[in-house]
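Participant: my_file07.txt is the file, holding compact mmCIF, C-alpha atoms and all ligand atoms:
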```
# COMPACT_ATOMS: atom_id res chain seq x y z
CA MET U 1 0.00 0.00 0.00
CA SER U 2 2.89 2.33 0.49
CA LYS U 3 6.63 2.53 0.36
CA ASN U 4 8.52 1.12 3.25
CA LYS U 5 9.46 3.79 5.67
CA THR U 6 12.74 3.69 7.44
CA LEU U 7 12.07 2.72 10.99
CA THR U 8 15.53 3.41 12.29
CA LYS U 9 14.86 6.72 13.94
CA LYS U 10 11.18 6.18 14.44
CA ASP U 11 12.24 3.70 17.05
CA GLN U 12 9.17 3.01 18.99
CA MET U 13 6.77 3.00 16.18
CA GLN U 14 5.70 0.16 14.10
CA GLN U 15 3.25 0.78 11.40
CA ASP U 16 0.45 -1.51 10.80
CA LYS U 17 1.00 -2.70 7.33
CA ALA U 18 0.80 -5.93 5.45
CA GLN U 19 -1.84 -7.60 7.52
CA ASP U 20 -2.00 -11.29 6.93
CA GLY U 21 -4.57 -12.48 4.52
CA GLN U 22 -5.65 -9.03 3.51
CA GLN U 23 -4.74 -6.67 0.81
CA MET U 24 -5.73 -3.15 0.01
CA LEU U 25 -7.86 -3.61 -3.02
CA VAL U 26 -7.90 -0.04 -4.17
CA ASP U 27 -4.78 2.05 -4.24
CA PHE U 28 -5.90 5.22 -2.54
CA THR U 29 -2.55 6.91 -2.91
CA ARG U 30 -2.91 7.00 -6.67
CA PRO U 31 -3.14 10.61 -7.86
CA ARG U 32 -6.32 11.59 -9.54
CA THR U 33 -6.30 12.51 -13.19
CA ASN U 34 -7.65 15.99 -12.71
CA PRO U 35 -4.75 18.12 -11.42
CA MET U 36 -7.10 20.54 -9.68
CA ALA U 37 -8.65 17.67 -7.75
CA ASN U 38 -5.20 16.74 -6.49
CA VAL U 39 -4.57 20.22 -5.20
CA PHE U 40 -7.92 20.26 -3.53
CA ASP U 41 -7.45 16.81 -1.99
CA GLY U 42 -4.07 17.85 -0.68
CA LEU U 43 -5.55 20.92 0.93
CA VAL U 44 -8.32 18.92 2.56
CA ARG U 45 -5.87 16.38 3.87
CA PHE U 46 -3.60 19.09 5.22
CA CYS U 47 -6.48 20.67 7.07
CA GLN U 48 -7.56 17.30 8.39
CA SER U 49 -4.13 16.54 9.72
CA ARG U 50 -3.93 19.85 11.56
CA SER U 51 -7.20 19.53 13.39
CA MET U 52 -7.67 16.28 15.13
CA PHE U 53 -9.96 15.41 17.94
CA MET U 54 -8.88 12.54 20.02
CA LEU U 55 -10.96 10.17 22.04
CA HIS U 56 -8.71 8.54 24.57
CA TYR U 57 -10.06 5.28 25.76
CA CYS U 58 -7.98 4.70 28.82
CA THR U 59 -8.07 0.97 29.08
CA GLY U 60 -4.85 0.35 30.92
CA CYS U 61 -1.92 1.78 32.79
CA GLY U 62 -0.46 3.40 29.68
CA ALA U 63 -3.01 6.18 30.07
CA ILE U 64 -0.85 7.65 32.80
CA GLU U 65 1.42 9.24 30.23
CA LEU U 66 -1.45 11.02 28.53
CA PRO U 67 -2.10 13.81 31.04
CA PRO U 68 1.45 15.19 30.70
CA ALA U 69 1.28 14.73 26.95
CA MET U 70 -1.96 16.67 26.74
CA THR U 71 -1.37 19.37 29.30
CA SER U 72 1.15 22.13 29.75
CA ARG U 73 4.30 20.04 29.98
CA PHE U 74 4.25 18.58 26.48
CA ASP U 75 1.11 20.24 25.21
CA MET U 76 -0.10 18.31 22.22
CA GLU U 77 -2.60 21.01 21.45
CA ARG U 78 0.16 22.93 19.72
CA LEU U 79 0.02 20.17 17.09
CA GLY U 80 -3.69 20.67 16.74
CA ILE U 81 -4.70 17.65 18.74
CA GLN U 82 -7.38 18.03 21.32
CA PRO U 83 -9.27 15.65 23.52
CA MET U 84 -12.89 15.10 22.62
CA VAL U 85 -15.59 13.67 24.79
CA THR U 86 -17.75 11.64 22.45
CA PRO U 87 -16.88 9.12 19.78
CA ARG U 88 -19.18 10.70 17.22
CA GLN U 89 -17.15 13.89 17.21
CA ALA U 90 -13.70 12.35 17.37
CA ASP U 91 -11.17 11.50 14.67
CA ILE U 92 -8.66 9.48 16.62
CA LEU U 93 -9.36 6.60 18.91
CA LEU U 94 -6.47 6.27 21.30
CA ILE U 95 -6.33 2.91 23.01
CA THR U 96 -3.95 3.17 25.88
CA GLY U 97 -2.94 -0.16 27.21
CA TYR U 98 -4.11 -3.69 27.67
CA VAL U 99 -7.54 -4.49 26.37
CA SER U 100 -9.58 -7.00 28.28
CA VAL U 101 -12.16 -9.00 26.40
CA LYS U 102 -14.86 -7.04 28.14
CA THR U 103 -13.29 -3.73 27.20
CA LEU U 104 -12.76 -4.84 23.65
CA LYS U 105 -16.50 -5.06 23.16
CA ARG U 106 -16.84 -1.44 24.22
CA ILE U 107 -13.94 -0.42 22.03
CA ILE U 108 -15.58 -1.94 19.00
CA LEU U 109 -18.88 -0.24 19.81
CA THR U 110 -17.04 3.05 20.19
CA TYR U 111 -15.05 2.60 17.03
CA GLU U 112 -18.08 1.81 14.95
CA GLN U 113 -19.83 4.93 16.18
CA MET U 114 -17.06 7.21 15.03
CA ALA U 115 -17.52 9.03 11.77
CA ALA U 116 -15.09 8.31 8.97
CA PRO U 117 -12.30 9.13 8.40
CA LYS U 118 -11.18 7.70 11.71
CA TYR U 119 -7.84 6.58 12.98
CA VAL U 120 -6.87 4.13 15.67
CA ILE U 121 -3.69 4.40 17.67
CA GLY U 122 -2.63 1.55 19.89
CA ILE U 123 -0.41 2.81 22.67
CA CYS U 124 1.64 0.37 24.75
CA SER U 125 3.09 -3.04 24.09
CA CYS U 126 -0.05 -4.59 25.42
CA THR U 127 -1.99 -3.57 22.34
CA VAL U 128 0.68 -5.00 20.05
CA ASN U 129 0.86 -8.53 21.38
CA GLY U 130 -0.45 -8.63 24.92
CA GLY U 131 2.72 -7.24 26.47
CA MET U 132 3.31 -8.44 29.97
CA TYR U 133 -0.20 -9.86 30.05
CA TRP U 134 0.61 -12.34 27.31
CA GLN U 135 -0.57 -15.32 29.36
CA SER U 136 -3.58 -13.68 30.96
CA TYR U 137 -6.93 -15.25 30.29
CA ALA U 138 -8.68 -11.89 30.44
CA THR U 139 -6.96 -9.74 27.85
CA ALA U 140 -7.25 -9.79 24.09
CA LYS U 141 -3.77 -9.95 22.65
CA VAL U 142 -3.45 -8.56 19.16
CA LEU U 143 -5.58 -5.47 18.79
CA ARG U 144 -5.33 -5.27 15.02
CA GLU U 145 -7.16 -8.54 14.63
CA TYR U 146 -10.32 -6.80 15.77
CA LEU U 147 -9.89 -3.29 14.41
CA PRO U 148 -7.65 -1.77 11.80
CA VAL U 149 -4.89 0.01 13.73
CA ASP U 150 -3.11 2.92 12.07
CA ILE U 151 -0.16 3.37 14.38
CA TYR U 152 1.26 1.37 17.21
CA ILE U 153 3.35 3.13 19.78
CA ALA U 154 5.12 0.36 21.60
CA GLY U 155 6.68 0.70 25.00
CA CYS U 156 5.71 -0.09 28.53
CA MET U 157 4.65 2.64 28.83
CA PRO U 158 5.73 4.97 26.03
CA ARG U 159 6.87 8.40 27.18
CA PRO U 160 4.93 11.50 26.12
CA GLU U 161 7.64 12.28 23.56
CA ALA U 162 7.00 8.93 21.93
CA ILE U 163 3.27 9.50 21.93
CA ILE U 164 3.69 12.90 20.33
CA GLU U 165 6.10 11.49 17.78
CA GLY U 166 3.60 8.78 16.98
CA LEU U 167 0.89 11.35 16.49
CA GLN U 168 3.18 13.25 14.18
CA VAL U 169 3.70 10.14 12.11
CA LEU U 170 -0.05 9.82 11.89
CA MET U 171 -0.34 13.44 10.83
CA ASP U 172 2.22 12.89 8.10
CA ASP U 173 0.34 9.84 6.95
CA ILE U 174 -2.89 11.79 6.79
CA LYS U 175 -1.22 14.61 4.90
CA THR U 176 0.17 12.26 2.32
CA GLY U 177 -3.01 10.23 2.11
CA ARG U 178 -1.57 7.04 3.50
CA ALA U 179 -3.72 6.80 6.61
CA GLU U 180 -6.58 4.97 4.99
CA ASN U 181 -6.84 2.07 7.35
CA TRP U 182 -10.41 2.83 8.35
CA LYS U 183 -11.47 1.71 4.90
CA ARG U 184 -10.09 -1.70 5.66
CA TYR U 185 -12.71 -2.23 8.28
CA PHE U 186 -15.37 -2.01 5.62
CA GLN U 187 -13.39 -3.81 2.97
CA ASN U 188 -12.42 -6.72 5.20
CA TYR U 189 -15.35 -6.70 7.56
CA ASP U 190 -15.72 -10.44 7.37
CA TYR U 191 -12.21 -10.95 8.75
CA TYR U 192 -12.70 -8.55 11.66
CA LEU U 193 -16.15 -9.83 12.43
CA GLY U 194 -14.87 -13.39 12.40
CA ASN U 195 -12.25 -12.59 15.03
CA GLN U 196 -14.82 -10.77 17.10
CA GLN U 197 -17.21 -13.67 16.90
CA LYS U 198 -14.48 -16.06 17.95
CA LEU U 199 -14.11 -14.12 21.18
CA PHE U 200 -17.62 -12.97 21.91
CA GLY U 201 -19.65 -15.86 20.60
CA ASP U 202 -21.85 -16.30 17.57
CA HIS U 203 -24.52 -13.93 18.80
CA TRP U 204 -22.24 -10.92 18.76
CA GLN U 205 -23.99 -7.94 17.22
CA THR U 206 -23.34 -4.22 17.35
CA PRO U 207 -25.86 -1.41 16.89
CA THR U 208 -24.04 -0.15 13.82
CA ASP U 209 -24.86 -1.76 10.52
CA ILE U 210 -21.40 -1.93 9.01
CA ILE U 211 -22.50 -3.63 5.83
CA SER U 212 -24.94 -0.87 4.93
CA GLU U 213 -22.32 1.69 5.75
CA ALA U 214 -19.84 -0.08 3.52
CA ARG U 215 -22.42 0.10 0.77
CA HIS U 216 -22.95 3.76 1.47
CA TYR U 217 -19.25 4.53 1.28
CA ASP U 218 -18.97 2.30 -1.76
CA LEU U 219 -16.36 0.19 -0.03
CA ILE U 220 -17.90 -3.22 -0.53
CA THR U 221 -15.36 -5.73 -1.71
CA GLU U 222 -15.32 -9.47 -1.99
CA ASN U 223 -13.94 -9.60 1.56
CA THR U 224 -16.71 -7.55 3.09
CA LEU U 225 -19.22 -10.33 3.01
CA GLY U 226 -18.45 -13.89 3.89
CA LYS U 227 -19.36 -16.71 6.17
CA HIS U 228 -19.06 -14.60 9.32
CA THR U 229 -21.37 -11.89 8.08
CA ALA U 230 -23.77 -14.62 7.00
CA LEU U 231 -23.73 -15.86 10.58
CA LEU U 232 -24.37 -12.33 11.79
CA GLU U 233 -27.34 -11.95 9.50
CA LYS U 234 -28.76 -15.20 10.75
CA HIS U 235 -28.69 -14.07 14.38
CA GLN U 236 -29.22 -10.39 13.88
CA ALA U 237 -32.10 -9.12 15.96
CA PRO U 238 -33.60 -5.73 15.25
CA LEU U 239 -32.42 -3.19 17.77
CA GLN U 240 -34.92 -2.01 20.27
CA ALA U 241 -35.03 1.15 22.28
CA LEU U 242 -34.08 0.74 25.89
CA GLU U 243 -36.88 0.81 28.35
CA MET U 244 -36.94 3.96 30.42
CA THR U 245 -37.65 3.57 34.10
CA LEU U 246 -37.44 5.90 37.02
CA GLN U 247 -34.81 5.06 39.56
CA GLN U 248 -37.19 4.65 42.47
CA ASN U 249 -39.31 2.13 40.60
CA ARG U 250 -36.40 -0.07 39.88
CA GLU U 251 -35.91 -3.07 42.01
CA ARG U 252 -32.89 -2.92 44.22
CA VAL U 253 -30.26 -5.40 43.16
CA MET T 1 -5.04 1.88 76.28
CA THR T 2 -4.55 0.51 72.83
CA GLN T 3 -1.71 -1.73 73.95
CA GLU T 4 -3.79 -2.97 76.83
CA LEU T 5 -6.61 -4.00 74.55
CA ASN T 6 -4.22 -5.97 72.40
CA VAL T 7 -2.75 -7.80 75.37
CA TRP T 8 -6.21 -8.75 76.56
CA LEU T 9 -7.11 -9.91 73.11
CA ASP T 10 -4.10 -12.22 72.98
CA LYS T 11 -5.07 -13.73 76.32
CA ILE T 12 -8.72 -14.22 75.52
CA LEU T 13 -8.16 -15.67 72.08
CA GLY T 14 -5.36 -17.87 73.41
CA ASP T 15 -7.76 -19.42 75.88
CA ILE T 16 -10.16 -20.60 73.21
CA GLU T 17 -9.61 -24.09 71.99
CA ASN T 18 -8.53 -24.70 68.39
CA VAL T 19 -7.35 -21.13 67.99
CA LYS T 20 -3.70 -20.53 67.35
CA ILE T 21 -2.50 -16.96 67.67
CA GLU T 22 0.70 -15.45 66.52
CA ARG T 23 1.49 -11.82 67.16
CA LYS T 24 3.49 -10.49 64.23
CA ARG T 25 3.86 -6.94 65.41
CA SER T 26 2.29 -4.77 68.05
CA ASN T 27 -0.54 -4.03 65.61
CA ARG T 28 -0.72 -7.25 63.56
CA LEU T 29 -2.16 -10.45 64.84
CA ARG T 30 -2.52 -13.69 62.96
CA VAL T 31 -5.18 -16.06 64.15
CA ASP T 32 -5.53 -19.57 62.81
CA VAL T 33 -8.93 -20.94 63.52
CA ASP T 34 -11.03 -23.92 62.64
CA ALA T 35 -13.63 -23.28 59.97
CA ARG T 36 -16.43 -24.09 62.36
CA ALA T 37 -15.26 -21.53 64.90
CA LEU T 38 -14.42 -18.66 62.56
CA PRO T 39 -17.82 -16.92 62.57
CA ALA T 40 -17.83 -17.03 66.38
CA VAL T 41 -14.33 -15.55 66.55
CA LEU T 42 -15.30 -12.79 64.14
CA GLU T 43 -18.41 -12.07 66.14
CA LEU T 44 -16.32 -11.81 69.26
CA LEU T 45 -13.84 -9.52 67.58
CA GLN T 46 -16.55 -7.29 66.19
CA GLY T 47 -18.89 -7.19 69.12
CA ARG T 48 -16.49 -7.21 72.04
CA ALA T 49 -13.17 -5.96 70.76
CA SER T 50 -14.08 -3.10 68.41
CA TYR T 51 -12.91 -4.79 65.20
CA VAL T 52 -15.69 -3.23 63.17
CA HIS T 53 -13.98 -2.79 59.82
CA LEU T 54 -13.67 -5.71 57.44
CA SER T 55 -10.77 -4.73 55.19
CA ALA T 56 -10.79 -7.72 52.93
CA ILE T 57 -11.40 -11.39 52.55
CA SER T 58 -8.72 -13.14 50.60
CA CYS T 59 -8.57 -16.63 49.29
CA VAL T 60 -5.60 -18.87 48.57
CA ASP T 61 -5.85 -22.06 46.61
CA ARG T 62 -3.82 -24.64 48.54
CA ILE T 63 -4.12 -27.23 45.86
CA ASP T 64 -1.51 -29.53 47.40
CA ASP T 65 -3.57 -29.87 50.57
CA ASP T 66 -6.78 -29.91 48.57
CA GLU T 67 -8.00 -26.93 50.55
CA PHE T 68 -8.88 -23.29 50.18
CA GLU T 69 -7.44 -20.90 52.71
CA LEU T 70 -9.72 -17.98 53.54
CA VAL T 71 -8.25 -14.99 55.31
CA TYR T 72 -10.48 -12.42 56.97
CA HIS T 73 -8.74 -9.14 57.70
CA VAL T 74 -10.49 -7.03 60.31
CA TRP T 75 -9.33 -3.70 61.60
CA SER T 76 -10.02 -1.84 64.80
CA TYR T 77 -9.95 1.91 64.84
CA GLU T 78 -9.66 1.97 68.60
CA ALA T 79 -6.87 -0.52 69.04
CA ARG T 80 -5.33 0.54 65.72
CA SER T 81 -4.61 -3.03 64.95
CA LEU T 82 -5.31 -5.58 62.24
CA VAL T 83 -6.33 -9.14 62.89
CA SER T 84 -6.05 -11.68 60.10
CA ALA T 85 -8.13 -14.73 60.76
CA HIS T 86 -7.02 -17.70 58.66
CA THR T 87 -9.11 -20.72 58.09
CA ARG T 88 -9.08 -23.69 55.76
CA ILE T 89 -12.03 -25.30 54.02
CA PRO T 90 -11.99 -28.40 51.84
CA ARG T 91 -11.60 -27.65 48.15
CA ASP T 92 -14.43 -29.94 47.32
CA PRO T 93 -17.28 -28.97 47.59
CA GLY T 94 -15.84 -25.53 48.46
CA VAL T 95 -18.84 -24.27 50.38
CA TYR T 96 -18.63 -21.98 53.37
CA LEU T 97 -20.78 -19.72 55.51
CA SER T 98 -21.23 -16.11 54.59
CA ILE T 99 -20.45 -13.50 57.20
CA TYR T 100 -22.76 -11.01 55.57
CA ASP T 101 -24.83 -10.81 58.74
CA LEU T 102 -21.77 -9.64 60.68
CA TYR T 103 -20.09 -7.47 58.11
CA VAL T 104 -22.16 -6.13 55.23
CA PRO T 105 -19.15 -5.42 52.96
CA ALA T 106 -18.45 -9.15 53.00
CA ALA T 107 -20.99 -9.50 50.20
CA PHE T 108 -18.57 -7.81 47.84
CA PHE T 109 -15.59 -9.97 48.73
CA GLU T 110 -17.55 -13.17 48.81
CA ARG T 111 -19.00 -12.56 45.40
CA ASP T 112 -15.52 -11.86 44.08
CA ILE T 113 -14.09 -15.04 45.62
CA HIS T 114 -17.00 -17.01 44.27
CA GLU T 115 -16.24 -15.76 40.79
CA MET T 116 -12.48 -16.22 40.96
CA PHE T 117 -12.24 -19.45 42.97
CA GLY T 118 -15.68 -20.97 42.81
CA VAL T 119 -16.16 -21.01 46.59
CA TYR T 120 -19.86 -20.81 47.36
CA PHE T 121 -20.88 -18.76 50.40
CA GLU T 122 -24.16 -19.80 51.91
CA GLY T 123 -26.23 -16.83 52.99
CA SER T 124 -24.45 -14.31 50.84
CA PRO T 125 -26.99 -12.03 49.16
CA ASP T 126 -25.76 -12.42 45.60
CA MET T 127 -23.51 -15.07 44.13
CA GLY T 128 -24.10 -13.96 40.54
CA LYS T 129 -21.51 -12.90 38.01
CA PHE T 130 -19.57 -9.90 39.06
CA ILE T 131 -16.63 -8.61 37.07
CA LEU T 132 -16.05 -11.43 34.62
CA THR T 133 -19.41 -11.03 32.97
CA GLU T 134 -18.13 -12.35 29.65
CA TRP T 135 -16.44 -15.39 31.13
CA ASP T 136 -17.95 -18.83 31.16
CA GLY T 137 -14.91 -20.99 31.73
CA PRO T 138 -13.80 -22.41 35.07
CA PRO T 139 -13.01 -19.95 37.88
CA PRO T 140 -9.73 -18.55 36.60
CA MET T 141 -7.81 -18.12 39.85
CA ARG T 142 -7.96 -21.79 40.73
CA LYS T 143 -4.57 -23.39 40.44
CA ASP T 144 -5.86 -26.15 38.20
CA PHE T 145 -6.90 -23.65 35.54
CA ASP T 146 -4.03 -23.35 33.09
CA SER T 147 -4.17 -19.77 31.88
CA GLU T 148 -1.33 -20.15 29.42
CA LYS T 149 -2.91 -23.14 27.76
CA PHE T 150 -6.17 -21.25 27.49
CA VAL T 151 -4.39 -18.30 25.90
CA ASN T 152 -2.61 -20.51 23.41
CA GLU T 153 -5.88 -22.07 22.39
CA THR T 154 -7.83 -18.82 22.19
CA PHE T 155 -5.51 -16.12 20.93
CA ASN T 156 -2.94 -15.73 18.21
CA ARG T 157 0.58 -14.85 19.15
CA GLU T 158 2.41 -11.99 17.59
CA GLN T 159 6.12 -11.40 17.76
CA TYR T 160 7.39 -7.89 18.19
CA HIS T 161 11.12 -7.93 17.75
CA PRO T 162 12.02 -4.94 15.61
CA GLN T 163 15.41 -4.10 14.25
CA TRP T 164 16.14 -1.38 16.82
CA LEU T 165 15.70 -3.90 19.60
CA LYS T 166 18.01 -6.37 17.89
CA ASP T 167 20.59 -3.62 17.55
CA LEU T 168 20.26 -2.86 21.23
CA GLU T 169 20.72 -6.50 22.09
CA LYS T 170 23.84 -6.68 20.00
CA GLU T 171 25.30 -3.98 22.19
CA GLY T 172 24.41 -5.98 25.25
CA GLY T 173 21.24 -4.10 26.11
CA GLY T 174 17.61 -4.96 25.98
CA ILE T 175 15.64 -6.91 28.53
CA THR T 176 14.22 -9.70 26.45
CA THR T 177 13.77 -12.84 28.45
CA PRO T 178 12.12 -15.64 26.53
CA ALA T 179 8.96 -16.92 28.17
CA GLU T 180 10.56 -20.31 28.77
CA ASP T 181 13.37 -18.78 30.82
CA ALA T 182 11.08 -16.46 32.69
CA ARG T 183 9.19 -19.39 34.12
CA LYS T 184 12.29 -21.11 35.56
S1 LIG F 301 2.37 -1.95 27.95
FE1 LIG F 301 2.91 -1.73 30.10
S2 LIG F 301 2.18 0.30 30.67
FE2 LIG F 301 1.14 -0.28 28.79
S3 LIG F 301 -0.78 -1.23 29.42
FE3 LIG F 301 0.71 -2.84 29.13
S4 LIG F 301 1.58 -3.16 31.16
FE4 LIG F 301 0.56 -1.17 31.20
```
Any chance you could put this one into structure tokens?
Ligand code: SF4

Facilitator:
Amino acid sequence: MSKNKTLTKKDQMQQDKAQDGQQMLVDFTRPRTNPMANVFDGLVRFCQSRSMFMLHYCTGCGAIELPPAMTSRFDMERLGIQPMVTPRQADILLITGYVSVKTLKRIILTYEQMAAPKYVIGICSCTVNGGMYWQSYATAKVLREYLPVDIYIAGCMPRPEAIIEGLQVLMDDIKTGRAENWKRYFQNYDYYLGNQQKLFGDHWQTPTDIISEARHYDLITENTLGKHTALLEKHQAPLQALEMTLQQNRERV
Amino acid sequence: MTQELNVWLDKILGDIENVKIERKRSNRLRVDVDARALPAVLELLQGRASYVHLSAISCVDRIDDDEFELVYHVWSYEARSLVSAHTRIPRDPGVYLSIYDLYVPAAFFERDIHEMFGVYFEGSPDMGKFILTEWDGPPPMRKDFDSEKFVNETFNREQYHPQWLKDLEKEGGGITTPAEDARK
């Protein structure tokens, strides 16, 4: 999908490329034929990269390095990165640390709610391969099996400098149009859904209809639908509004 | 006054049969008591000796003895001292009495122990799922549950051994200990 970057200086970063059994089916980095469109696209991408809202999902201990990175000491706002409170208004999903199976469900729900284009950053070794929790029954090991991850920032825990450098790599990728991993979720939905089903059981279902969204974005490929999505369709129950009750009427548990 | 209370406590507990006491420090006392007598000892401590705060209940899987060890930590604000009451129950069937009627916070600890070790507490208000709501395997803190085997069967492994780490290792740095060596 892109040229190999030299990783020598970008020590702690490993980019999520070449995922097994998947390929990018459309080359998004290809310049468009209309030269004006290229200029315009470049401008849009530049603006996107300079204004990013970040949803930090503090799943593990790695979150400790975020407050200094965000506040006056290292101040990531000077790069145009700000924390945001809801997934629907955020561009970046920052997953800071080990992800338990229970948390992973919430991460996927959060991720699917975010509006495209969206980027996922996995901070900490734990998101790469389980880190020091590699033999724990409770944590999911390889985050990118369940979501497309744009950047990993490895380390236990990575220092704020590393986090900021990682964010800068992401900004560069956005500027040059290489950060297109969110499209993979639609293009290879069957693969991601299969891994999710393996962990959460066959009845796993999220409120977001990814297949319709893929159709909407025109990102349906041969890998979007498959035997896992067929299973989903078999079990899929229509979503129902939650029942509203007043606190005092609820039975005490 | 506080010291006095502790001295009296040692005497009184020492007089009870089947109770072994061991004073670790001026404010730490270990009591080993038979499972049948534990609720009575706790009642005594709470009602007569001001040990009103249940700090925790912990559980240890003594698989070699085929027993669970339950440890009740109670604290007194007046004597400023912690008593740990140890007791053993057979691993099978792993059923014990709840002390919810003495200490209300026990419900929390008992539910947790039930989830992690499978010990059932009779009389506890709720023995339902607690934290591991997505888990339907065996209680994971039991020694006979092999977490590593479970992980190998459930998850894929991924190596992360980038060039910069190899370079570091060449210079004698790095802290990579293979899993096999770490277990030794
Ligand atoms: S990599 Fe280290 S700091 Fe980060 S979540 Fe895992 S254990 Fe915590």

Participant: Give as a list in words every residue of chain U that touches chain T within 6 Å, counting all atoms listed in the file.

Facilitator: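 Residues satisfying the distance criterion: Asn129, Gln135 and Tyr137 of chain U.
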
Participant: Using all atoms listed in the file, what are the residues with an atom within 7 Å of ligand LIG 301 (chain F), set out as an NGL selection string?

Facilitator: :U and (60-62 or 96-98 or 124-126 or 131-132 or 155-157)

Participant: Near stretch 103-116 of chain U, counting all atoms listed in the file, which residues have an atom at most 7 Å away, once you skip same-chain residues fewer than 2 positions from it, shown as a PyMOL selection string?

Facilitator: chain U and resi 87-88+90+99-101+118+206+208

Participant: Could you dump the residues just selected with C-alpha atoms as a PDB file, in the coordinates of the input?

Facilitator:
```pdb
ATOM      1  CA  PRO U  87     -16.880   9.120  19.780  1.00  0.00           C
ATOM      2  CA  ARG U  88     -19.180  10.700  17.220  1.00  0.00           C
ATOM      3  CA  ALA U  90     -13.700  12.350  17.370  1.00  0.00           C
ATOM      4  CA  VAL U  99      -7.540  -4.490  26.370  1.00  0.00           C
ATOM      5  CA  SER U 100      -9.580  -7.000  28.280  1.00  0.00           C
ATOM      6  CA  VAL U 101     -12.160  -9.000  26.400  1.00  0.00           C
ATOM      7  CA  LYS U 118     -11.180   7.700  11.710  1.00  0.00           C
ATOM      8  CA  THR U 206     -23.340  -4.220  17.350  1.00  0.00           C
ATOM      9  CA  THR U 208     -24.040  -0.150  13.820  1.00  0.00           C
TER      10      THR U 208
END
```

Participant: Identify, on the basis of all atoms listed in the file, every residue whose closest approach to stretch 215-217 of chain U does not exceed 9 Å; exclude the query and any residue fewer than 4 positions from it along the same chain; express the result as a list in words.

Facilitator: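 Residues near the query, excluding close chain neighbours: Phe186, Ile210 and Ile211 of chain U.
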
Participant: Quick one: distance from atom CA of T:Asp136 to atom CA of T:Phe109 in Å, one decimal?

Facilitator: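 Pair atom CA of T:Asp136 / atom CA of T:Phe109 returns 19.8 Å.
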